[in-house]
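Novice: Provided below: data-v6.tsv, containing TSV, C-alpha atoms and all ligand atoms.
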chain	number	residue	atom	x	y	z
L	32	MET	CA	89.91	-64.50	14.30
L	33	ILE	CA	90.50	-60.75	14.23
L	34	GLY	CA	88.82	-59.11	17.20
L	35	ASP	CA	89.22	-62.10	19.53
L	36	ARG	CA	91.88	-60.21	21.47
L	37	ASP	CA	92.01	-56.56	22.46
L	38	VAL	CA	94.92	-54.30	21.56
L	39	ILE	CA	95.61	-50.73	22.68
L	40	VAL	CA	97.56	-48.59	20.22
L	41	ILE	CA	99.21	-45.47	21.62
L	42	ARG	CA	99.26	-42.63	19.09
L	43	ASP	CA	99.99	-38.99	19.79
L	44	GLU	CA	100.36	-36.13	17.32
L	45	ARG	CA	102.98	-34.40	19.47
L	46	MET	CA	105.50	-36.82	18.00
L	47	LEU	CA	104.99	-35.25	14.56
L	48	ALA	CA	106.82	-32.13	15.76
L	49	HIS	CA	110.21	-33.87	15.50
L	50	LYS	CA	111.21	-32.88	11.96
L	51	PRO	CA	114.85	-31.96	11.37
L	52	ASP	CA	115.08	-30.12	8.05
L	53	ALA	CA	118.46	-30.54	6.36
L	54	ALA	CA	118.06	-27.14	4.68
L	55	GLU	CA	118.15	-25.32	8.06
L	56	HIS	CA	121.24	-24.13	9.91
L	57	PHE	CA	122.21	-26.50	12.72
L	58	GLN	CA	124.32	-26.00	15.80
L	59	PRO	CA	127.04	-26.54	16.87
L	60	GLY	CA	128.72	-24.98	13.85
L	61	ARG	CA	131.77	-27.27	13.87
L	62	MET	CA	129.59	-30.36	13.62
L	63	ASP	CA	127.35	-28.69	11.05
L	64	ARG	CA	130.40	-28.17	8.81
L	65	ARG	CA	131.55	-31.78	9.20
L	66	VAL	CA	128.09	-33.25	8.64
L	67	ARG	CA	127.59	-30.99	5.58
L	68	GLU	CA	130.85	-32.32	4.12
L	69	ILE	CA	129.60	-35.87	4.52
L	70	LEU	CA	126.19	-35.05	3.03
L	71	THR	CA	127.74	-33.18	0.08
L	72	GLY	CA	129.91	-36.24	-0.64
L	73	LEU	CA	126.80	-38.40	-1.02
L	74	GLY	CA	126.11	-36.87	-4.42
L	75	PHE	CA	122.34	-36.68	-3.91
L	76	GLN	CA	119.87	-34.49	-2.05
L	77	TRP	CA	119.76	-35.94	1.48
L	78	ASP	CA	116.59	-35.64	3.53
L	79	TYR	CA	116.23	-36.67	7.16
L	80	PRO	CA	115.01	-40.29	6.82
L	81	GLU	CA	113.25	-40.49	10.19
L	82	HIS	CA	110.50	-37.97	9.37
L	83	PRO	CA	106.89	-37.39	10.54
L	84	GLY	CA	105.54	-39.01	7.35
L	85	ARG	CA	106.46	-42.37	8.87
L	86	LEU	CA	103.80	-41.99	11.56
L	87	SER	CA	101.16	-40.50	9.27
L	88	ALA	CA	101.66	-43.34	6.76
L	89	ILE	CA	100.82	-45.78	9.55
L	90	THR	CA	97.88	-43.86	11.03
L	91	ASP	CA	96.38	-43.09	7.60
L	92	LEU	CA	96.36	-46.79	6.72
L	93	LEU	CA	94.90	-47.76	10.10
L	94	ASP	CA	92.20	-45.08	9.86
L	95	GLU	CA	91.18	-46.30	6.41
L	96	ASN	CA	91.17	-49.94	7.51
L	97	PRO	CA	89.94	-50.26	11.11
L	98	ILE	CA	90.97	-53.50	12.84
L	99	ALA	CA	88.43	-55.14	15.14
L	100	GLY	CA	89.74	-55.29	18.70
L	101	VAL	CA	92.13	-52.35	18.27
L	102	ARG	CA	91.43	-49.13	20.15
L	103	TYR	CA	93.49	-45.96	20.49
L	104	GLU	CA	94.79	-44.00	23.45
L	105	PRO	CA	96.97	-40.87	23.60
L	106	GLY	CA	100.52	-40.98	24.89
L	107	ARG	CA	102.02	-38.89	27.64
L	108	VAL	CA	105.26	-37.09	28.42
L	109	ALA	CA	107.94	-39.11	30.23
L	110	THR	CA	109.26	-37.30	33.29
L	111	MET	CA	112.88	-36.52	34.09
L	112	GLU	CA	112.74	-39.18	36.80
L	113	GLU	CA	111.44	-41.80	34.36
L	114	LEU	CA	114.10	-40.99	31.75
L	115	ASN	CA	116.79	-40.83	34.42
L	116	ARG	CA	116.34	-44.56	35.15
L	117	VAL	CA	118.23	-45.33	31.93
L	118	HIS	CA	119.97	-42.07	30.94
L	119	THR	CA	122.39	-40.01	33.02
L	120	ARG	CA	121.20	-36.74	34.48
L	121	SER	CA	123.96	-34.83	32.69
L	122	TYR	CA	122.95	-36.27	29.31
L	123	LEU	CA	119.32	-35.34	29.93
L	124	LYS	CA	120.24	-31.80	30.97
L	125	ASP	CA	122.26	-31.36	27.77
L	126	ILE	CA	119.37	-32.65	25.65
L	127	PHE	CA	116.79	-30.45	27.39
L	128	LYS	CA	118.92	-27.38	26.66
L	129	LEU	CA	118.24	-28.01	22.96
L	130	ARG	CA	114.48	-27.38	23.27
L	131	GLY	CA	113.45	-24.99	20.48
L	132	GLN	CA	116.63	-25.39	18.43
L	133	ASN	CA	118.12	-27.18	15.43
L	134	ALA	CA	121.16	-29.22	16.43
L	135	TRP	CA	123.25	-32.21	15.36
L	136	LEU	CA	123.68	-34.74	18.14
L	137	ASP	CA	125.93	-37.23	16.39
L	138	MET	CA	128.04	-37.52	13.27
L	139	ASP	CA	125.70	-40.30	12.09
L	140	THR	CA	123.26	-37.39	11.30
L	141	THR	CA	121.09	-37.78	14.39
L	142	ALA	CA	119.53	-34.33	14.80
L	143	VAL	CA	116.83	-32.34	16.59
L	144	SER	CA	114.44	-29.62	15.41
L	145	PRO	CA	112.61	-27.10	17.63
L	146	GLY	CA	109.80	-29.57	18.49
L	147	SER	CA	111.98	-32.65	18.96
L	148	ILE	CA	112.52	-32.67	22.70
L	149	GLU	CA	108.83	-32.80	23.55
L	150	ALA	CA	108.31	-35.39	20.77
L	151	ALA	CA	111.04	-37.55	22.32
L	152	GLU	CA	109.52	-37.14	25.79
L	153	VAL	CA	106.17	-38.29	24.38
L	154	ALA	CA	107.83	-41.19	22.50
L	155	ALA	CA	109.26	-42.51	25.76
L	156	GLY	CA	106.08	-41.69	27.73
L	157	SER	CA	104.00	-43.53	25.14
L	158	ALA	CA	106.14	-46.65	25.56
L	159	ILE	CA	105.44	-46.39	29.30
L	160	ALA	CA	101.72	-45.96	28.55
L	161	ALA	CA	101.78	-49.16	26.47
L	162	VAL	CA	103.33	-51.08	29.36
L	163	GLU	CA	100.85	-49.61	31.84
L	164	ALA	CA	97.98	-50.66	29.57
L	165	VAL	CA	99.02	-54.32	29.56
L	166	VAL	CA	100.18	-54.57	33.18
L	167	SER	CA	96.90	-53.02	34.40
L	168	GLY	CA	95.03	-55.61	32.31
L	169	ARG	CA	93.19	-53.02	30.20
L	170	ALA	CA	94.37	-54.94	27.14
L	171	ARG	CA	96.31	-58.14	26.50
L	172	SER	CA	98.71	-56.33	24.21
L	173	ALA	CA	99.65	-52.77	23.30
L	174	PHE	CA	101.62	-51.09	20.53
L	175	SER	CA	103.19	-47.67	20.97
L	176	LEU	CA	103.62	-45.71	17.73
L	177	SER	CA	106.71	-43.99	19.12
L	178	ARG	CA	109.07	-41.71	17.24
L	179	PRO	CA	111.84	-40.68	17.37
L	180	PRO	CA	112.85	-44.33	17.79
L	181	GLY	CA	114.91	-45.40	20.78
L	182	HIS	CA	117.02	-48.56	20.63
L	183	HIS	CA	120.30	-46.90	19.55
L	184	ALA	CA	120.19	-44.31	22.38
L	185	GLU	CA	122.78	-45.10	25.05
L	186	PRO	CA	122.84	-43.93	28.69
L	187	VAL	CA	124.98	-40.90	27.76
L	188	ARG	CA	124.48	-40.53	24.03
L	189	ALA	CA	121.94	-40.00	21.24
L	190	ARG	CA	122.64	-42.10	18.14
L	191	GLY	CA	120.98	-43.54	15.06
L	192	PHE	CA	118.01	-41.09	15.02
L	193	CYS	CA	117.30	-42.03	18.68
L	194	LEU	CA	117.22	-39.55	21.58
L	195	PHE	CA	115.75	-41.50	24.49
L	196	ASN	CA	115.70	-45.29	24.67
L	197	ASN	CA	111.92	-45.72	24.70
L	198	VAL	CA	111.77	-49.48	25.23
L	199	ALA	CA	114.39	-49.32	28.00
L	200	VAL	CA	112.52	-46.50	29.74
L	201	ALA	CA	109.37	-48.66	29.59
L	202	ALA	CA	111.18	-51.74	30.94
L	203	ALA	CA	112.71	-49.77	33.81
L	204	HIS	CA	109.29	-48.29	34.65
L	205	ALA	CA	107.72	-51.76	34.63
L	206	GLN	CA	110.29	-52.93	37.16
L	207	GLU	CA	110.48	-49.83	39.34
L	208	ILE	CA	106.79	-48.90	39.54
L	209	LEU	CA	104.61	-51.70	38.18
L	210	GLY	CA	106.12	-54.63	40.09
L	211	CYS	CA	107.45	-56.61	37.13
L	212	GLU	CA	110.45	-58.70	38.06
L	213	ARG	CA	111.75	-60.26	34.85
L	214	VAL	CA	111.36	-58.37	31.59
L	215	LEU	CA	112.21	-59.92	28.22
L	216	ILE	CA	113.00	-57.40	25.47
L	217	ILE	CA	112.94	-58.78	21.93
L	218	ASP	CA	114.48	-56.48	19.29
L	219	TRP	CA	113.63	-57.56	15.74
L	220	ASP	CA	114.62	-54.26	14.09
L	221	ALA	CA	117.18	-54.86	11.31
L	222	HIS	CA	119.77	-52.81	13.22
L	223	HIS	CA	121.37	-53.97	16.46
L	224	GLY	CA	119.83	-52.38	19.56
L	225	ASN	CA	123.18	-51.25	20.94
L	226	GLY	CA	121.62	-48.78	23.38
L	227	THR	CA	119.22	-51.27	24.93
L	228	GLN	CA	122.01	-53.83	25.21
L	229	ASP	CA	124.26	-51.27	26.88
L	230	ILE	CA	121.64	-50.15	29.40
L	231	PHE	CA	120.85	-53.69	30.61
L	232	LEU	CA	124.26	-55.28	29.94
L	233	ALA	CA	124.88	-56.18	33.59
L	234	SER	CA	121.28	-56.90	34.57
L	235	ASP	CA	119.99	-60.40	35.30
L	236	SER	CA	116.38	-59.19	35.51
L	237	VAL	CA	116.15	-57.94	31.91
L	238	MET	CA	116.86	-60.44	29.14
L	239	PHE	CA	117.70	-58.88	25.77
L	240	PHE	CA	117.26	-60.92	22.56
L	241	ASP	CA	118.28	-59.20	19.32
L	242	THR	CA	118.16	-60.42	15.71
L	243	HIS	CA	119.88	-58.02	13.33
L	244	ARG	CA	121.93	-57.67	10.18
L	245	ALA	CA	125.55	-58.40	11.09
L	246	ALA	CA	128.42	-55.88	11.17
L	247	PRO	CA	129.61	-53.87	9.34
L	248	PHE	CA	125.93	-52.95	8.99
L	249	TYR	CA	125.03	-50.03	11.33
L	250	PRO	CA	125.79	-49.75	14.24
L	251	GLY	CA	128.38	-52.55	13.94
L	252	SER	CA	127.78	-54.16	17.35
L	253	GLY	CA	125.83	-57.28	18.32
L	254	THR	CA	128.30	-60.12	17.84
L	255	LEU	CA	127.59	-63.59	19.20
L	256	GLU	CA	130.21	-63.03	21.91
L	257	GLU	CA	128.34	-60.04	23.37
L	258	VAL	CA	126.41	-62.03	25.99
L	259	GLY	CA	126.18	-59.52	28.84
L	260	ALA	CA	128.57	-58.81	31.69
L	261	GLY	CA	128.82	-59.28	35.44
L	262	LEU	CA	125.48	-60.35	36.92
L	263	GLY	CA	124.00	-60.02	33.43
L	264	GLU	CA	126.28	-62.54	31.75
L	265	GLY	CA	124.08	-64.87	29.71
L	266	TYR	CA	121.14	-62.46	29.65
L	267	THR	CA	122.08	-60.76	26.35
L	268	ILE	CA	121.49	-62.87	23.26
L	269	ASN	CA	122.59	-61.62	19.85
L	270	VAL	CA	121.79	-63.32	16.57
L	271	PRO	CA	123.72	-61.54	13.79
L	272	LEU	CA	122.32	-62.41	10.35
L	273	PRO	CA	123.29	-62.05	6.69
L	274	GLY	CA	121.30	-59.48	4.73
L	275	ASP	CA	119.41	-62.05	2.67
L	276	THR	CA	117.89	-63.77	5.71
L	277	GLY	CA	114.18	-64.27	5.09
L	278	ASP	CA	111.07	-65.41	6.95
L	279	LEU	CA	112.12	-69.04	7.43
L	280	GLY	CA	115.54	-68.08	8.76
L	281	MET	CA	114.15	-65.51	11.16
L	282	LEU	CA	111.51	-67.91	12.46
L	283	LYS	CA	114.21	-70.55	12.93
L	284	ALA	CA	116.16	-68.10	15.12
L	285	PHE	CA	113.02	-67.44	17.15
L	286	GLU	CA	112.05	-71.10	17.51
L	287	GLU	CA	115.52	-72.48	18.22
L	288	ILE	CA	117.05	-69.69	20.33
L	289	LEU	CA	114.37	-67.30	21.63
L	290	VAL	CA	111.86	-69.94	22.73
L	291	PRO	CA	114.28	-71.97	24.91
L	292	ALA	CA	115.78	-68.74	26.31
L	293	ALA	CA	112.35	-67.40	27.24
L	294	ASN	CA	111.26	-70.72	28.73
L	295	TRP	CA	114.39	-70.67	30.91
L	296	PHE	CA	114.06	-66.98	31.89
L	297	LYS	CA	110.29	-67.08	32.52
L	298	PRO	CA	109.58	-63.36	31.98
L	299	ASP	CA	106.56	-61.70	33.58
L	300	LEU	CA	106.44	-59.05	30.84
L	301	ILE	CA	107.55	-59.11	27.20
L	302	LEU	CA	108.48	-55.96	25.28
L	303	VAL	CA	109.31	-55.80	21.59
L	304	SER	CA	111.46	-53.24	19.79
L	305	ALA	CA	109.44	-53.52	16.59
L	306	GLY	CA	111.26	-52.13	13.59
L	307	PHE	CA	110.01	-52.77	10.08
L	308	ASP	CA	113.29	-52.31	8.24
L	309	PRO	CA	113.80	-56.12	8.11
L	310	HIS	CA	111.12	-56.10	5.37
L	311	ARG	CA	112.53	-56.92	1.94
L	312	LEU	CA	111.37	-53.58	0.48
L	313	ASP	CA	113.43	-51.75	3.11
L	314	LEU	CA	116.50	-53.59	1.84
L	315	CYS	CA	118.02	-54.46	5.24
L	316	LEU	CA	116.84	-58.08	5.56
L	317	ASN	CA	114.45	-60.16	3.44
L	318	LEU	CA	111.25	-60.57	5.45
L	319	THR	CA	107.67	-60.47	4.20
L	320	TYR	CA	104.50	-59.45	6.05
L	321	ASP	CA	103.80	-63.13	6.75
L	322	GLY	CA	107.20	-63.27	8.45
L	323	PHE	CA	106.16	-60.47	10.81
L	324	ARG	CA	102.83	-62.25	11.43
L	325	ASN	CA	104.59	-65.47	12.39
L	326	MET	CA	107.12	-63.71	14.63
L	327	THR	CA	104.29	-61.87	16.38
L	328	ARG	CA	102.27	-65.06	16.94
L	329	LEU	CA	105.29	-66.87	18.38
L	330	ILE	CA	105.96	-63.99	20.81
L	331	GLN	CA	102.26	-63.81	21.67
L	332	ASP	CA	102.35	-67.52	22.54
L	333	LEU	CA	105.37	-66.91	24.80
L	334	ALA	CA	103.49	-64.07	26.50
L	335	ASP	CA	100.45	-66.30	26.99
L	336	THR	CA	102.62	-69.04	28.48
L	337	HIS	CA	104.66	-66.92	30.87
L	338	CYS	CA	103.12	-63.46	31.31
L	339	ASP	CA	99.36	-63.89	31.27
L	340	GLY	CA	99.51	-62.48	27.75
L	341	ARG	CA	101.20	-59.19	28.74
L	342	LEU	CA	102.97	-57.98	25.60
L	343	ALA	CA	103.87	-54.39	24.66
L	344	MET	CA	105.50	-53.38	21.39
L	345	VAL	CA	107.31	-50.14	20.68
L	346	LEU	CA	107.96	-48.87	17.16
L	347	GLU	CA	111.62	-48.56	16.13
L	348	GLY	CA	112.83	-48.19	12.51
L	349	GLY	CA	111.30	-48.73	9.09
L	350	TYR	CA	111.85	-46.19	6.35
L	351	ASN	CA	109.96	-47.51	3.35
L	352	LEU	CA	106.57	-45.99	4.10
L	353	GLU	CA	104.53	-48.68	2.37
L	354	CYS	CA	106.05	-51.64	4.15
L	355	LEU	CA	106.24	-49.72	7.43
L	356	ALA	CA	102.47	-49.12	7.40
L	357	LEU	CA	101.55	-52.57	6.07
L	358	GLY	CA	103.97	-54.18	8.53
L	359	VAL	CA	102.36	-52.45	11.52
L	360	GLN	CA	98.93	-53.45	10.19
L	361	ALA	CA	100.02	-57.11	9.86
L	362	VAL	CA	101.36	-57.12	13.43
L	363	LEU	CA	98.25	-55.44	14.87
L	364	GLU	CA	95.93	-57.89	13.07
L	365	THR	CA	97.94	-60.75	14.56
L	366	LEU	CA	97.85	-59.24	18.04
L	367	ALA	CA	94.07	-58.89	17.61
L	368	GLY	CA	93.79	-62.62	16.93
L	369	ALA	CA	94.08	-63.06	13.15
L	370	ASP	CA	94.98	-66.47	11.77
L	371	VAL	CA	98.61	-66.67	10.69
L	372	PRO	CA	99.49	-68.35	7.38
L	373	PRO	CA	102.19	-71.03	7.48
L	374	LEU	CA	105.51	-69.93	6.00
L	375	SER	CA	107.12	-71.50	2.99
L	376	GLU	CA	109.99	-70.66	0.71
L	377	PRO	CA	108.74	-68.08	-1.84
L	378	GLY	CA	107.67	-69.83	-5.04
L	379	TYR	CA	107.30	-73.32	-3.50
L	380	GLU	CA	103.50	-73.29	-3.66
L	381	GLU	CA	103.52	-72.18	-7.31
L	382	ILE	CA	106.14	-74.80	-8.19
L	383	GLU	CA	104.09	-77.57	-6.61
L	384	GLU	CA	101.07	-76.43	-8.63
L	385	ALA	CA	103.18	-76.29	-11.81
L	386	ALA	CA	104.49	-79.79	-11.09
L	387	ARG	CA	100.95	-81.14	-10.80
L	388	PHE	CA	100.13	-79.39	-14.10
L	389	HIS	CA	103.09	-80.75	-16.07
L	390	LEU	CA	103.90	-84.17	-14.65
L	391	SER	CA	101.14	-86.11	-16.40
L	392	ALA	CA	102.87	-85.33	-19.72
L	393	PHE	CA	105.83	-87.47	-18.66
L	394	SER	CA	103.80	-90.47	-17.59
L	395	GLU	CA	104.20	-93.78	-19.43
L	396	GLU	CA	100.53	-94.50	-18.86
L	397	PRO	CA	98.19	-93.74	-21.79
L	398	ASP	CA	95.45	-91.22	-20.91
L	401	ZN	ZN	116.53	-50.17	12.22
Could you write out this structure as structure tokens?
Specialist:
Amino acid sequence: MIGDRDVIVIRDERMLAHKPDAAEHFQPGRMDRRVREILTGLGFQWDYPEHPGRLSAITDLLDENPIAGVRYEPGRVATMEELNRVHTRSYLKDIFKLRGQNAWLDMDTTAVSPGSIEAAEVAAGSAIAAVEAVVSGRARSAFSLSRPPGHHAEPVRARGFCLFNNVAVAAAHAQEILGCERVLIIDWDAHHGNGTQDIFLASDSVMFFDTHRAAPFYPGSGTLEEVGAGLGEGYTINVPLPGDTGDLGMLKAFEEILVPAANWFKPDLILVSAGFDPHRLDLCLNLTYDGFRNMTRLIQDLADTHCDGRLAMVLEGGYNLECLALGVQAVLETLAGADVPPLSEPGYEEIEEAARFHLSAFSEEPD
């Protein structure tokens, strides 16, 4: 039941300071002109989708509905050394120069505002804090409410609203400082985690499992054939999916691909890039809250089997505020020990009830 297991949630208001405002002037001017052309062509008023309201929607719901077993801790700033484990020094220097400014970082509309650099440092530091919480044994599981998100950020490049690859920074810290040897990263965000894949492509000590909506959906990578390279060949597992994939399909991917992969790899720490854009209201895939509950329980069981329960989740995408907040709540309740309802095809239960109601009318037997 809820409260049987303890969960630490990392929340930190410094991450609210990342708020690119499309009405402001951005540098560099050449990119500003090109991005403005794209935005004008959309034919509607474009607002930066990855905004602070995402975090406050989650924290407001959690404050109004406390979950037994869940407690909160602040995040911290990731250091240059910690970020440098997965990003090049030259990339980091370029990003740090943008402190206090509005700038476009990529043509896909990734941008920073004056408070963004510290917010991104805290987003990555909070992912580290989540890992430290579970490796130290202070909680079985932890969830970092990180933003900006991270899984599109590559070693040398910001992309897809991501500046620093938070989950990768946390995995590298777990290996470098906390003594973890084999880290499994599960990315269930609807978009492919191209940055995380890139960072650990040739590693045989980090396994990367990613379910996502198939290309040409953003960012377009994550084909079956992308299985890692060099020493890491076989340690990258992509499961590209059609956009109407629902709970049963996603759970099938977890049960039939993730479980045998994890049992073979035997991780000593599991991290999750937890995006909520696979929810059906976010229009990327077709999951429900019960789908997220079942995915969480399956991963929790893997963590119990291999990692003494050590499981840390890091927030990625999710842009419909209602299903973002309710999705995080469903996952936290599950981490805290809630019972998980069995999945069925939507409507099946009602149809079975309707069948029981109607079938007697077609019986030959007199009443
Ligand atoms: Zn996403």
Novice: Using only C-alpha atoms and all ligand atoms, which residues of the polymer chains come no farther than 9 Å from ligand ZN 401 (chain L)? I'd like the answer as an MDAnalysis selection string.
Specialist: chainID L and resid 180 182:183 191 219:224 243 249 305:309 315 347:350
Novice: Restricting the calculation to all atoms listed in the file: of L:Met62, L:Ile208, L:Leu255, L:Met344, which residue gets closest to L:Trp135?
Specialist: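 Using all atoms listed in the file, the shortest distance to L:Trp135 belongs to L:Met62.
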Novice: Identify which of the residues L:Leu272, L:Ala386, L:Leu355, L:Val187 lies closest to L:Arg85, counting all atoms listed in the file when measuring atom-to-atom distances.
Specialist: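 Among the listed residues, L:Leu355 lies closest to L:Arg85.
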Novice: Residues within 8 Å of stretch 65-72 of chain L, please, as JSON, numbers by chain. Count all atoms listed in the file; anything in the same chain fewer than 5 positions from it doesn't count.
Specialist: {"L": [77, 138, 140]}
Novice: Give me, as a PyMOL selection string, all polymer residues having an atom no more than 12 Å from L:Arg311, counting all atoms listed in the file and skipping those fewer than 2 positions away in the same chain.
Specialist: chain L and resi 221+274-278+307-309+313-323+349-351+353-355+358
Novice: May I have the residues at most 12 Å from (91.5, -65.5, 17.4) in the file's coordinates, counting all atoms listed in the file, as a list in words?
Specialist: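 Those residues lying close to the given coordinates are Met32, Ile33, Gly34, Asp35, Arg36, Asp37, Ala99, Gly100, Arg328, Gln331, Glu364, Thr365, Leu366, Ala367, Gly368, Ala369, Asp370 and Val371 of chain L.
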Novice: How far is it from atom CA of L:Asn197 to atom CA of L:Pro51, in Å with one decimal?
Specialist: 19.4 Å
Novice: Please, what distance in Å, to one decimal, runs between atom CA of L:Leu194 and atom CA of L:Gly106?
Specialist: 17.1 Å
